[in-house]
file input-v4.cif (mmCIF, C-alpha atoms)
data_structure
loop_
_atom_site.label_atom_id
_atom_site.label_comp_id
_atom_site.auth_asym_id
_atom_site.auth_seq_id
_atom_site.Cartn_x
_atom_site.Cartn_y
_atom_site.Cartn_z
CA MET A 1 -95.34 -97.08 53.68
CA GLU A 2 -97.94 -95.08 55.52
CA ARG A 3 -100.84 -93.53 53.60
CA LEU A 4 -100.86 -89.74 53.44
CA THR A 5 -103.99 -87.67 52.96
CA LEU A 6 -103.60 -84.75 50.64
CA LEU A 7 -106.04 -81.98 49.77
CA LEU A 8 -105.52 -80.25 46.44
CA VAL A 9 -106.88 -76.71 46.51
CA LEU A 10 -107.64 -75.85 42.90
CA LEU A 11 -108.67 -72.52 41.42
CA SER A 12 -112.27 -71.42 41.82
CA PHE A 13 -113.30 -72.66 38.37
CA VAL A 14 -112.07 -76.20 39.17
CA LEU A 15 -114.06 -78.33 41.61
CA ASN A 16 -112.15 -79.61 44.62
CA ILE A 17 -110.89 -83.18 44.66
CA ASN A 18 -109.61 -85.21 47.57
CA ALA A 19 -106.75 -87.40 46.36
CA ARG A 20 -105.27 -89.78 48.90
CA ALA A 21 -102.12 -91.65 47.93
CA PHE A 22 -98.81 -93.00 49.13
CA GLN A 23 -96.84 -90.60 46.94
CA PRO A 24 -97.12 -86.99 48.22
CA SER A 25 -96.01 -85.42 44.93
CA PHE A 26 -99.25 -83.93 43.64
CA LEU A 27 -99.26 -80.71 41.62
CA ASP A 28 -102.06 -78.28 40.92
CA ALA A 29 -103.58 -79.58 37.64
CA SER A 30 -105.20 -76.21 37.02
CA ASN A 31 -101.78 -74.73 36.18
CA SER A 32 -101.25 -76.95 33.13
CA ASP A 33 -101.87 -75.97 29.52
CA GLU A 34 -104.43 -78.79 29.39
CA GLU A 35 -106.71 -76.76 31.64
CA ILE A 36 -106.99 -74.10 28.95
CA THR A 37 -107.07 -76.11 25.70
CA TYR A 38 -108.65 -79.43 26.67
CA GLN A 39 -112.36 -79.97 25.95
CA VAL A 40 -114.89 -82.80 25.82
CA ILE A 41 -117.74 -81.77 23.52
CA ALA A 42 -121.05 -83.61 23.39
CA ASN A 43 -122.41 -84.94 20.10
CA LYS A 44 -125.79 -86.51 19.40
CA PRO A 45 -126.29 -90.07 20.71
CA LEU A 46 -125.24 -92.72 18.21
CA ASN A 47 -128.06 -93.55 15.79
CA ILE A 48 -127.59 -97.27 15.19
CA ILE A 49 -128.66 -98.65 11.81
CA SER A 50 -129.26 -102.28 10.92
CA SER A 51 -129.63 -103.64 7.38
CA ASP A 52 -131.57 -106.59 6.04
CA GLU A 53 -132.05 -107.78 2.48
CA ASP A 54 -134.66 -105.14 1.68
CA ALA A 55 -133.89 -101.98 3.64
CA GLN A 56 -132.09 -100.19 6.45
CA HIS A 57 -133.83 -99.43 9.70
CA GLU A 58 -133.06 -97.97 13.11
CA TYR A 59 -131.85 -100.65 15.50
CA LYS A 60 -133.50 -100.99 18.90
CA LEU A 61 -130.70 -101.23 21.41
CA GLY A 62 -131.15 -103.08 24.70
CA GLN A 63 -129.64 -102.16 28.06
CA VAL A 64 -125.96 -101.48 27.38
CA GLY A 65 -123.70 -103.59 29.56
CA GLY A 66 -120.34 -102.76 28.02
CA VAL A 67 -118.66 -100.75 25.28
CA ALA A 68 -115.11 -100.93 23.92
CA GLY A 69 -113.22 -99.23 21.12
CA CYS A 70 -111.67 -101.43 18.43
CA VAL A 71 -107.88 -101.57 18.89
CA LYS A 72 -107.17 -101.23 15.15
CA ASN A 73 -109.95 -99.04 13.73
CA PRO A 74 -110.81 -95.70 15.40
CA ASN A 75 -114.23 -95.77 13.70
CA ARG A 76 -115.39 -99.07 15.16
CA LEU A 77 -117.14 -99.57 18.50
CA ILE A 78 -118.00 -102.92 20.07
CA VAL A 79 -121.20 -103.02 22.14
CA PHE A 80 -122.34 -105.73 24.56
CA HIS A 81 -126.05 -105.23 25.22
CA ARG A 82 -128.95 -107.17 26.70
CA ALA A 83 -131.31 -106.96 23.72
CA SER A 84 -134.79 -107.99 24.93
CA ARG A 85 -133.56 -108.89 28.43
CA GLU A 86 -133.90 -106.39 31.27
CA TRP A 87 -132.36 -106.65 34.72
CA THR A 88 -135.28 -106.49 37.17
CA GLN A 89 -135.95 -107.66 40.72
CA GLU A 90 -137.15 -110.94 39.24
CA SER A 91 -133.77 -111.65 37.64
CA PHE A 92 -132.01 -112.56 40.89
CA PRO A 93 -134.69 -113.46 43.48
CA ASP A 94 -132.15 -113.97 46.28
CA GLY A 95 -129.70 -111.34 45.03
CA ARG A 96 -127.10 -113.88 43.88
CA ASN A 97 -128.67 -116.66 41.84
CA PHE A 98 -130.23 -116.00 38.44
CA ASP A 99 -133.72 -117.42 37.92
CA THR A 100 -132.86 -119.97 35.23
CA LYS A 101 -136.32 -121.53 35.43
CA LYS A 102 -137.97 -118.29 34.36
CA PHE A 103 -135.29 -116.92 32.01
CA GLY A 104 -133.22 -118.68 29.38
CA ALA A 105 -130.43 -117.42 27.17
CA ILE A 106 -131.12 -114.19 25.28
CA PRO A 107 -132.35 -115.18 21.79
CA GLU A 108 -131.09 -112.07 20.00
CA ASN A 109 -127.54 -111.07 19.08
CA THR A 110 -125.87 -109.30 22.00
CA ILE A 111 -122.48 -108.27 20.56
CA LEU A 112 -122.48 -105.55 17.89
CA THR A 113 -119.68 -103.96 15.89
CA ILE A 114 -120.74 -100.47 14.84
CA ASN A 115 -119.28 -98.04 12.34
CA THR A 116 -119.27 -94.90 14.47
CA ARG A 117 -119.24 -92.58 11.46
CA THR A 118 -122.43 -93.99 9.94
CA GLY A 119 -124.06 -95.85 12.85
CA GLN A 120 -124.20 -98.94 10.63
CA ILE A 121 -123.93 -102.36 12.31
CA VAL A 122 -121.14 -104.13 10.41
CA ASN A 123 -121.20 -107.35 12.45
CA GLN A 124 -123.36 -108.91 15.14
CA TRP A 125 -123.41 -112.20 17.00
CA GLY A 126 -123.92 -113.71 20.48
CA ASN A 127 -127.52 -114.94 20.25
CA ASN A 128 -128.62 -117.83 22.52
CA THR A 129 -125.34 -117.49 24.42
CA PHE A 130 -125.65 -115.04 27.31
CA SER A 131 -128.15 -114.51 30.12
CA MET A 132 -127.24 -111.08 31.56
CA PRO A 133 -124.44 -109.29 29.66
CA HIS A 134 -122.31 -106.91 31.67
CA GLY A 135 -118.65 -106.05 31.08
CA LEU A 136 -116.76 -105.88 27.77
CA SER A 137 -113.03 -105.34 27.21
CA ILE A 138 -110.67 -105.76 24.26
CA ASP A 139 -107.02 -106.70 24.75
CA THR A 140 -104.13 -105.53 22.56
CA GLU A 141 -104.52 -108.58 20.30
CA GLY A 142 -108.17 -107.75 19.61
CA ASN A 143 -109.59 -110.53 21.78
CA LEU A 144 -112.95 -109.81 23.41
CA TRP A 145 -113.41 -110.44 27.13
CA VAL A 146 -116.98 -110.36 28.42
CA THR A 147 -118.65 -111.02 31.75
CA ASP A 148 -122.12 -112.44 32.38
CA VAL A 149 -123.40 -111.64 35.86
CA ALA A 150 -126.18 -114.23 35.64
CA MET A 151 -123.78 -117.02 34.71
CA HIS A 152 -121.07 -115.80 37.14
CA GLN A 153 -118.54 -116.28 34.35
CA VAL A 154 -115.90 -114.58 32.23
CA PHE A 155 -115.44 -115.46 28.54
CA LYS A 156 -112.60 -114.75 26.11
CA TYR A 157 -113.33 -114.73 22.37
CA SER A 158 -110.85 -114.66 19.51
CA LYS A 159 -112.36 -113.74 16.13
CA GLY A 160 -115.77 -114.77 17.44
CA GLU A 161 -114.60 -118.15 18.72
CA LEU A 162 -114.70 -118.98 22.44
CA VAL A 163 -111.15 -119.73 23.61
CA LEU A 164 -111.37 -119.44 27.40
CA THR A 165 -114.11 -119.79 30.03
CA LEU A 166 -113.58 -118.80 33.65
CA GLY A 167 -115.92 -119.64 36.51
CA GLU A 168 -118.69 -122.23 36.75
CA ALA A 169 -121.97 -121.60 34.95
CA PHE A 170 -124.69 -120.27 37.29
CA VAL A 171 -122.65 -121.19 40.39
CA PRO A 172 -121.59 -118.16 42.48
CA GLY A 173 -118.59 -118.39 44.78
CA SER A 174 -115.62 -116.58 46.25
CA ASP A 175 -112.81 -119.13 45.92
CA SER A 176 -110.06 -119.30 43.28
CA LYS A 177 -112.30 -120.94 40.67
CA HIS A 178 -115.56 -119.06 41.10
CA PHE A 179 -116.91 -115.53 40.79
CA CYS A 180 -120.08 -113.88 42.02
CA LYS A 181 -121.62 -111.60 39.39
CA PRO A 182 -118.28 -110.44 37.91
CA THR A 183 -118.49 -107.03 36.30
CA ASP A 184 -115.46 -106.28 34.13
CA VAL A 185 -112.02 -107.44 32.94
CA ALA A 186 -108.71 -105.71 32.23
CA VAL A 187 -105.79 -107.41 30.45
CA SER A 188 -102.11 -106.48 30.51
CA ASN A 189 -100.56 -105.31 27.25
CA ASP A 190 -98.44 -108.45 26.91
CA GLY A 191 -101.38 -110.72 27.78
CA SER A 192 -99.57 -112.29 30.73
CA ASN A 193 -102.25 -111.36 33.26
CA SER A 194 -105.93 -110.56 33.39
CA TYR A 195 -107.82 -108.88 36.21
CA VAL A 196 -111.48 -109.48 37.02
CA ALA A 197 -113.61 -107.04 38.98
CA ASP A 198 -115.63 -109.39 41.19
CA GLY A 199 -118.22 -108.03 41.57
CA TYR A 200 -121.75 -107.49 42.87
CA CYS A 201 -121.38 -109.91 45.77
CA ASN A 202 -117.59 -110.22 46.15
CA SER A 203 -115.53 -107.17 47.08
CA ARG A 204 -112.32 -108.07 45.31
CA ILE A 205 -110.13 -107.96 42.22
CA VAL A 206 -108.97 -111.38 40.99
CA LYS A 207 -105.61 -111.58 39.20
CA LEU A 208 -105.13 -114.46 36.75
CA ASP A 209 -102.30 -115.65 34.52
CA SER A 210 -102.49 -115.95 30.74
CA LYS A 211 -104.19 -119.35 30.99
CA GLY A 212 -106.79 -118.14 33.49
CA LYS A 213 -105.13 -119.66 36.56
CA PHE A 214 -105.67 -117.84 39.84
CA VAL A 215 -102.67 -115.76 40.97
CA LYS A 216 -103.87 -113.40 43.70
CA GLU A 217 -106.83 -111.36 44.88
CA TYR A 218 -106.70 -107.68 45.76
CA THR A 219 -108.94 -106.38 48.54
CA MET A 220 -109.05 -103.37 50.82
CA PRO A 221 -107.25 -103.65 54.17
CA ASP A 222 -109.51 -104.81 57.01
CA GLU A 223 -109.42 -101.40 58.70
CA GLU A 224 -110.45 -99.62 55.49
CA LYS A 225 -113.85 -99.18 53.84
CA GLN A 226 -114.31 -102.27 51.67
CA LEU A 227 -115.05 -102.18 47.96
CA ALA A 228 -118.79 -101.85 47.35
CA ILE A 229 -119.46 -103.24 43.87
CA PRO A 230 -116.16 -103.00 42.00
CA HIS A 231 -117.84 -102.18 38.69
CA SER A 232 -115.17 -101.28 36.14
CA ILE A 233 -111.43 -101.90 35.95
CA ILE A 234 -108.40 -100.53 34.09
CA LEU A 235 -104.63 -100.93 34.14
CA ILE A 236 -102.16 -98.05 34.18
CA GLU A 237 -99.09 -100.12 33.48
CA SER A 238 -96.66 -97.22 33.31
CA LEU A 239 -97.39 -96.58 36.99
CA GLY A 240 -97.90 -100.23 37.99
CA LEU A 241 -101.53 -99.62 38.96
CA VAL A 242 -104.75 -101.62 38.83
CA CYS A 243 -107.60 -99.13 39.24
CA VAL A 244 -111.22 -100.00 39.93
CA ALA A 245 -114.45 -98.01 39.98
CA ASP A 246 -115.69 -98.59 43.52
CA ARG A 247 -119.27 -97.93 42.49
CA GLU A 248 -121.29 -97.46 45.65
CA ASN A 249 -118.46 -95.76 47.56
CA GLY A 250 -118.13 -93.17 44.79
CA ARG A 251 -114.38 -93.43 44.40
CA ILE A 252 -111.61 -94.86 42.22
CA VAL A 253 -109.27 -97.18 44.09
CA CYS A 254 -105.84 -97.96 42.63
CA PHE A 255 -103.89 -101.01 43.79
CA ASP A 256 -100.14 -101.46 43.43
CA ASP A 257 -99.34 -104.20 40.91
CA GLY A 258 -95.59 -104.12 41.49
CA GLU A 259 -93.62 -107.06 42.86
CA ASN A 260 -92.70 -105.45 46.18
CA ASN A 261 -96.04 -103.98 47.22
CA GLU A 262 -98.45 -106.03 45.11
CA GLY A 263 -102.04 -105.62 46.23
CA ASN A 264 -101.46 -102.62 48.47
CA VAL A 265 -103.74 -99.61 47.99
CA LYS A 266 -101.61 -96.92 46.39
CA ALA A 267 -104.11 -94.18 45.56
CA ILE A 268 -107.76 -93.26 45.98
CA ILE A 269 -109.50 -90.60 43.90
CA ASP A 270 -112.80 -89.16 45.06
CA HIS A 271 -114.78 -86.03 44.28
CA PRO A 272 -117.81 -84.26 45.81
CA LEU A 273 -119.90 -84.83 42.67
CA MET A 274 -118.90 -88.48 42.33
CA LYS A 275 -121.37 -90.03 44.75
CA THR A 276 -121.23 -93.22 42.70
CA VAL A 277 -118.81 -94.17 39.93
CA TYR A 278 -119.90 -96.67 37.31
CA ALA A 279 -117.10 -96.83 34.79
CA ILE A 280 -113.53 -95.75 34.08
CA THR A 281 -111.17 -95.84 31.11
CA TYR A 282 -107.62 -94.65 30.49
CA ASP A 283 -105.77 -92.80 27.73
CA ALA A 284 -102.19 -94.06 27.94
CA ASN A 285 -100.91 -91.56 25.36
CA LYS A 286 -102.16 -88.42 27.10
CA HIS A 287 -102.23 -89.81 30.65
CA ARG A 288 -105.88 -89.11 31.35
CA LEU A 289 -108.31 -91.15 33.39
CA TYR A 290 -111.97 -90.84 32.38
CA ALA A 291 -114.84 -91.71 34.71
CA VAL A 292 -118.61 -91.48 34.68
CA SER A 293 -120.82 -91.31 37.74
CA GLY A 294 -124.43 -92.34 38.22
CA LYS A 295 -127.45 -90.52 39.56
CA SER A 296 -127.55 -90.30 43.33
CA GLY A 297 -130.27 -88.36 45.10
CA LYS A 298 -130.20 -84.80 43.76
CA ASN A 299 -126.83 -85.35 42.09
CA ARG A 300 -127.04 -86.00 38.35
CA ALA A 301 -124.67 -88.29 36.49
CA VAL A 302 -121.53 -86.54 35.25
CA GLY A 303 -118.41 -87.41 33.26
CA PHE A 304 -114.98 -86.64 34.72
CA THR A 305 -111.48 -86.30 33.30
CA PHE A 306 -108.68 -86.77 35.83
CA ASP A 307 -104.95 -86.26 35.38
CA ALA A 308 -102.97 -89.53 35.41
CA HIS A 309 -99.45 -88.12 35.21
CA PRO A 310 -97.41 -89.47 38.16
CA GLU A 311 -96.59 -85.99 39.46
CA SER A 312 -100.22 -84.81 39.41
CA PHE A 313 -102.20 -88.03 39.65
CA GLY A 314 -105.88 -87.54 40.45
CA GLY A 315 -106.10 -83.84 39.66
CA LEU A 316 -109.41 -82.87 38.07
CA ILE A 317 -109.11 -81.57 34.50
CA ALA A 318 -112.77 -81.28 33.48
CA THR A 319 -116.35 -82.45 33.96
CA TRP A 320 -118.71 -83.06 31.04
CA GLU A 321 -122.13 -84.41 30.11
CA PRO A 322 -124.41 -84.83 27.07
CA ASN A 323 -126.63 -82.01 25.84
CA GLU A 324 -129.67 -83.99 27.02
CA LYS A 325 -127.96 -84.93 30.32
CA PHE A 326 -127.14 -88.50 31.27
CA GLY A 327 -129.86 -91.02 32.11
CA GLU A 328 -128.17 -94.03 33.70
CA PRO A 329 -124.63 -94.38 32.31
CA HIS A 330 -123.14 -97.85 32.70
CA ASP A 331 -119.86 -98.09 30.78
CA ILE A 332 -117.34 -95.85 29.02
CA ALA A 333 -114.90 -96.39 26.16
CA LEU A 334 -112.26 -94.36 24.35
CA SER A 335 -111.54 -94.72 20.64
CA VAL A 336 -108.07 -96.00 19.78
CA SER A 337 -107.24 -92.55 18.38
CA GLY A 338 -108.19 -90.92 21.70
CA HIS A 339 -110.43 -88.45 19.87
CA ALA A 340 -113.83 -89.86 20.84
CA LEU A 341 -115.51 -91.03 24.05
CA PHE A 342 -118.54 -93.32 24.15
CA VAL A 343 -120.83 -93.85 27.14
CA GLY A 344 -123.27 -96.76 27.10
CA GLU A 345 -126.47 -96.24 29.07
CA ILE A 346 -129.43 -98.16 30.42
CA ARG A 347 -132.71 -96.27 30.67
CA PRO A 348 -132.56 -94.80 28.10
CA ASN A 349 -130.77 -97.51 26.17
CA ARG A 350 -128.35 -95.46 24.10
CA ILE A 351 -124.72 -94.64 23.39
CA ASP A 352 -123.62 -91.06 24.05
CA VAL A 353 -120.83 -89.68 21.87
CA PHE A 354 -118.25 -87.04 22.77
CA ASP A 355 -115.42 -85.40 20.84
CA VAL A 356 -112.15 -85.09 22.75
CA LEU A 357 -110.20 -82.01 21.68
CA ASN A 358 -106.48 -81.94 22.46
#

call {"tool": "encode", "arguments": {"input": "input-v4.cif", "output": "structure tokens"}}
result
Amino acid sequence: MERLTLLLVLLSFVLNINARAFQPSFLDASNSDEEITYQVIANKPLNIISSDEDAQHEYKLGQVGGVAGCVKNPNRLIVFHRASREWTQESFPDGRNFDTKKFGAIPENTILTINTRTGQIVNQWGNNTFSMPHGLSIDTEGNLWVTDVAMHQVFKYSKGELVLTLGEAFVPGSDSKHFCKPTDVAVSNDGSNSYVADGYCNSRIVKLDSKGKFVKEYTMPDEEKQLAIPHSIILIESLGLVCVADRENGRIVCFDDGENNEGNVKAIIDHPLMKTVYAITYDANKHRLYAVSGKSGKNRAVGFTFDAHPESFGGLIATWEPNEKFGEPHDIALSVSGHALFVGEIRPNRIDVFDVLN
């Protein structure tokens, strides 16, 4: 089916969005009740507290690679951070290979479970395990999926135990058994498939079965602009979509995951303010797609809420940002209740908190 280009002309108080898709059934999102009652309200950044035998103290967070809401407790956030490690030009001298002679595994704990009401760290682990933490996802069973861009690998943990390793340690590649600086993972609700955004030096999405066996890769058609750092990935299973934050192209690309048109590009969301897009997440109950951009020239980083209903997919609902403005946002997560958004940043290393009303 041929791609159609549609321009949604929204009311003056709603910024314009170009939404290109196969299905020409877009509605004006500004006419919905959500436009009047929906709000994202900034709170103070999360003040993280660590306890030892003698006292409590403020925890020094490293660069935040990934954040994810616990699937069972709306007041728990999982954070994958780099602790004392920073990503600099020295990390990857040739752009692909991590300098293992200069840098070893990070000695501190890199995975934190935080009580979002109190800021208290209730669990932490992952020391002497990772070299450059990046993506973090949680599947419906509560398993943690993390990516390490230095190791070029994807790891699945169940209750803190490693149960699956994908890719070859410190060996980049683009075949069915290797990745090159993979960024993020999404897992289907039934666990039958996982999808890896791959990555900083591969412009593809890799689909795997439940055992981690290669199934297919999704890429842009040759005549189209190729993915430029697929940086974050989500599934919208009700619509049969695999959506990726195409970071450097400043757009969200959604691939068809259905049997008949699997791998075809079904929709692209872009926006004048979204010069880059670092992370996306999805609220399946209220059919909203959240995104956060990065700084680009004179454009500051901004949060976006897009409509994900099939009849109005890609319509802009709202933009939002912290009271102190974003620094360099890197990942975004929604609480299981849908009432809170969390944005993990690098420089400054912090977690921004937002209340979602309605």

call {"tool": "resolve_selection", "arguments": {"input": "input-v4.cif", "expression": "the PyMOL selection byres ((chain A and resi 198-206) around 9)", "output": "number ranges by chain"}}
result
A: 95-96, 149, 172-174, 176, 179-184, 194-197, 207-208, 214-220, 226-231, 233, 242, 244

call {"tool": "closest_residue", "arguments": {"input": "input-v4.cif", "among": "A:Gly303, A:Glu86, A:His81, A:Gly69", "to": "Asn143 in chain A", "atoms": "all atoms listed in the file"}}
result
A:Gly69

call {"tool": "atom_distance", "arguments": {"input": "input-v4.cif", "atom1": "CA of Asp352 in chain A", "atom2": "CA of His330 in chain A"}}
result
11.0 Å

call {"tool": "residues_around", "arguments": {"input": "input-v4.cif", "residues": "range 318-326 of chain A", "least_positions_apart": "6", "cutoff": "12 Å", "atoms": "only C-alpha atoms", "output": "JSON, numbers by chain"}}
result
{"A": [13, 14, 15, 16, 17, 29, 30, 34, 35, 36, 37, 38, 39, 40, 41, 42, 43, 44, 45, 46, 271, 273, 274, 288, 289, 290, 291, 292, 293, 294, 295, 299, 300, 301, 302, 303, 304, 305, 306, 307, 341, 342, 343, 344, 345, 346, 347, 348, 349, 350, 351, 352, 353, 354, 355, 356]}

call {"tool": "atom_distance", "arguments": {"input": "input-v4.cif", "atom1": "CA of Pro133 in chain A", "atom2": "CA of Val146 in chain A"}}
result
7.6 Å

call {"tool": "atom_distance", "arguments": {"input": "input-v4.cif", "atom1": "CA of Ala333 in chain A", "atom2": "CA of Ile280 in chain A"}}
result
8.1 Å

call {"tool": "resolve_selection", "arguments": {"input": "input-v4.cif", "expression": "the PyMOL selection byres ((chain A and resi 103-111) around 9)", "output": "list of chain:residue names"}}
result
A:Gly62, A:Ile78, A:Val79, A:Phe80, A:His81, A:Arg82, A:Ala83, A:Ser84, A:Arg85, A:Ser91, A:Phe98, A:Asp99, A:Thr100, A:Lys101, A:Lys102, A:Leu112, A:Thr113, A:Asn123, A:Gln124, A:Trp125, A:Gly126, A:Asn127, A:Asn128, A:Thr129, A:Phe130, A:Ser131, A:Met132, A:Pro133

call {"tool": "closest_residue", "arguments": {"input": "input-v4.cif", "among": "A:Ile236, A:Arg247, A:Asp209, A:Asn75", "to": "His339 in chain A", "atoms": "all atoms listed in the file"}}
result
A:Asn75

call {"tool": "resolve_selection", "arguments": {"input": "input-v4.cif", "expression": "the PyMOL selection byres ((chain A and resi 235) around 8)", "output": "list in words"}}
result
Ala186, Val187, Ser188, Ile233, Ile234, Ile236, Glu237, Gly240, Leu241, Val242, Cys243 and Tyr282 of chain A

call {"tool": "write_last_selection", "arguments": {"input": "input-v4.cif", "atoms": "C-alpha atoms", "output": "compact mmCIF listing (two decimals), in the frame of the given file"}}
result
# COMPACT_ATOMS: atom_id res chain seq x y z
CA ALA A 186 -108.71 -105.71 32.23
CA VAL A 187 -105.79 -107.41 30.45
CA SER A 188 -102.11 -106.48 30.51
CA ILE A 233 -111.43 -101.90 35.95
CA ILE A 234 -108.40 -100.53 34.09
CA ILE A 236 -102.16 -98.05 34.18
CA GLU A 237 -99.09 -100.12 33.48
CA GLY A 240 -97.90 -100.23 37.99
CA LEU A 241 -101.53 -99.62 38.96
CA VAL A 242 -104.75 -101.62 38.83
CA CYS A 243 -107.60 -99.13 39.24
CA TYR A 282 -107.62 -94.65 30.49

call {"tool": "residues_around", "arguments": {"input": "input-v4.cif", "residues": "range 156-159 of chain A", "least_positions_apart": "3", "cutoff": "7 Å", "atoms": "only C-alpha atoms", "output": "count of residues only"}}
result
8

call {"tool": "residues_near_point", "arguments": {"input": "input-v4.cif", "point": "(-117.8, -98.3, 36.6)", "cutoff": "6 Å", "atoms": "all atoms listed in the file", "output": "compact mmCIF listing (two decimals) with C-alpha atoms, in the frame of the given file"}}
result
# COMPACT_ATOMS: atom_id res chain seq x y z
CA HIS A 231 -117.84 -102.18 38.69
CA SER A 232 -115.17 -101.28 36.14
CA ALA A 245 -114.45 -98.01 39.98
CA VAL A 277 -118.81 -94.17 39.93
CA TYR A 278 -119.90 -96.67 37.31
CA ALA A 279 -117.10 -96.83 34.79
CA ILE A 280 -113.53 -95.75 34.08

call {"tool": "closest_residue", "arguments": {"input": "input-v4.cif", "among": "A:Thr140, A:His134, A:Ala308, A:Gly65", "to": "Phe155 in chain A", "atoms": "only C-alpha atoms"}}
result
A:His134

call {"tool": "residues_around", "arguments": {"input": "input-v4.cif", "residues": "Asn261 in chain A", "least_positions_apart": "2", "cutoff": "12 Å", "atoms": "only C-alpha atoms", "output": "number ranges by chain"}}
result
A: 1, 22, 218, 240-241, 255-259, 263-266

call {"tool": "write_last_selection", "arguments": {"input": "input-v4.cif", "atoms": "C-alpha atoms", "output": "compact mmCIF listing (two decimals), in the coordinates of the input"}}
result
# COMPACT_ATOMS: atom_id res chain seq x y z
CA MET A 1 -95.34 -97.08 53.68
CA PHE A 22 -98.81 -93.00 49.13
CA TYR A 218 -106.70 -107.68 45.76
CA GLY A 240 -97.90 -100.23 37.99
CA LEU A 241 -101.53 -99.62 38.96
CA PHE A 255 -103.89 -101.01 43.79
CA ASP A 256 -100.14 -101.46 43.43
CA ASP A 257 -99.34 -104.20 40.91
CA GLY A 258 -95.59 -104.12 41.49
CA GLU A 259 -93.62 -107.06 42.86
CA GLY A 263 -102.04 -105.62 46.23
CA ASN A 264 -101.46 -102.62 48.47
CA VAL A 265 -103.74 -99.61 47.99
CA LYS A 266 -101.61 -96.92 46.39

call {"tool": "residues_near_point", "arguments": {"input": "input-v4.cif", "point": "(-114.3, -98.7, 15.3)", "cutoff": "12 Å", "atoms": "all atoms listed in the file", "output": "JSON, numbers by chain"}}
result
{"A": [67, 68, 69, 70, 71, 72, 73, 74, 75, 76, 77, 78, 79, 112, 113, 114, 115, 116, 117, 118, 119, 120, 121, 122, 123, 138, 142, 333, 334, 335, 336, 337, 338, 339, 340, 341, 342]}
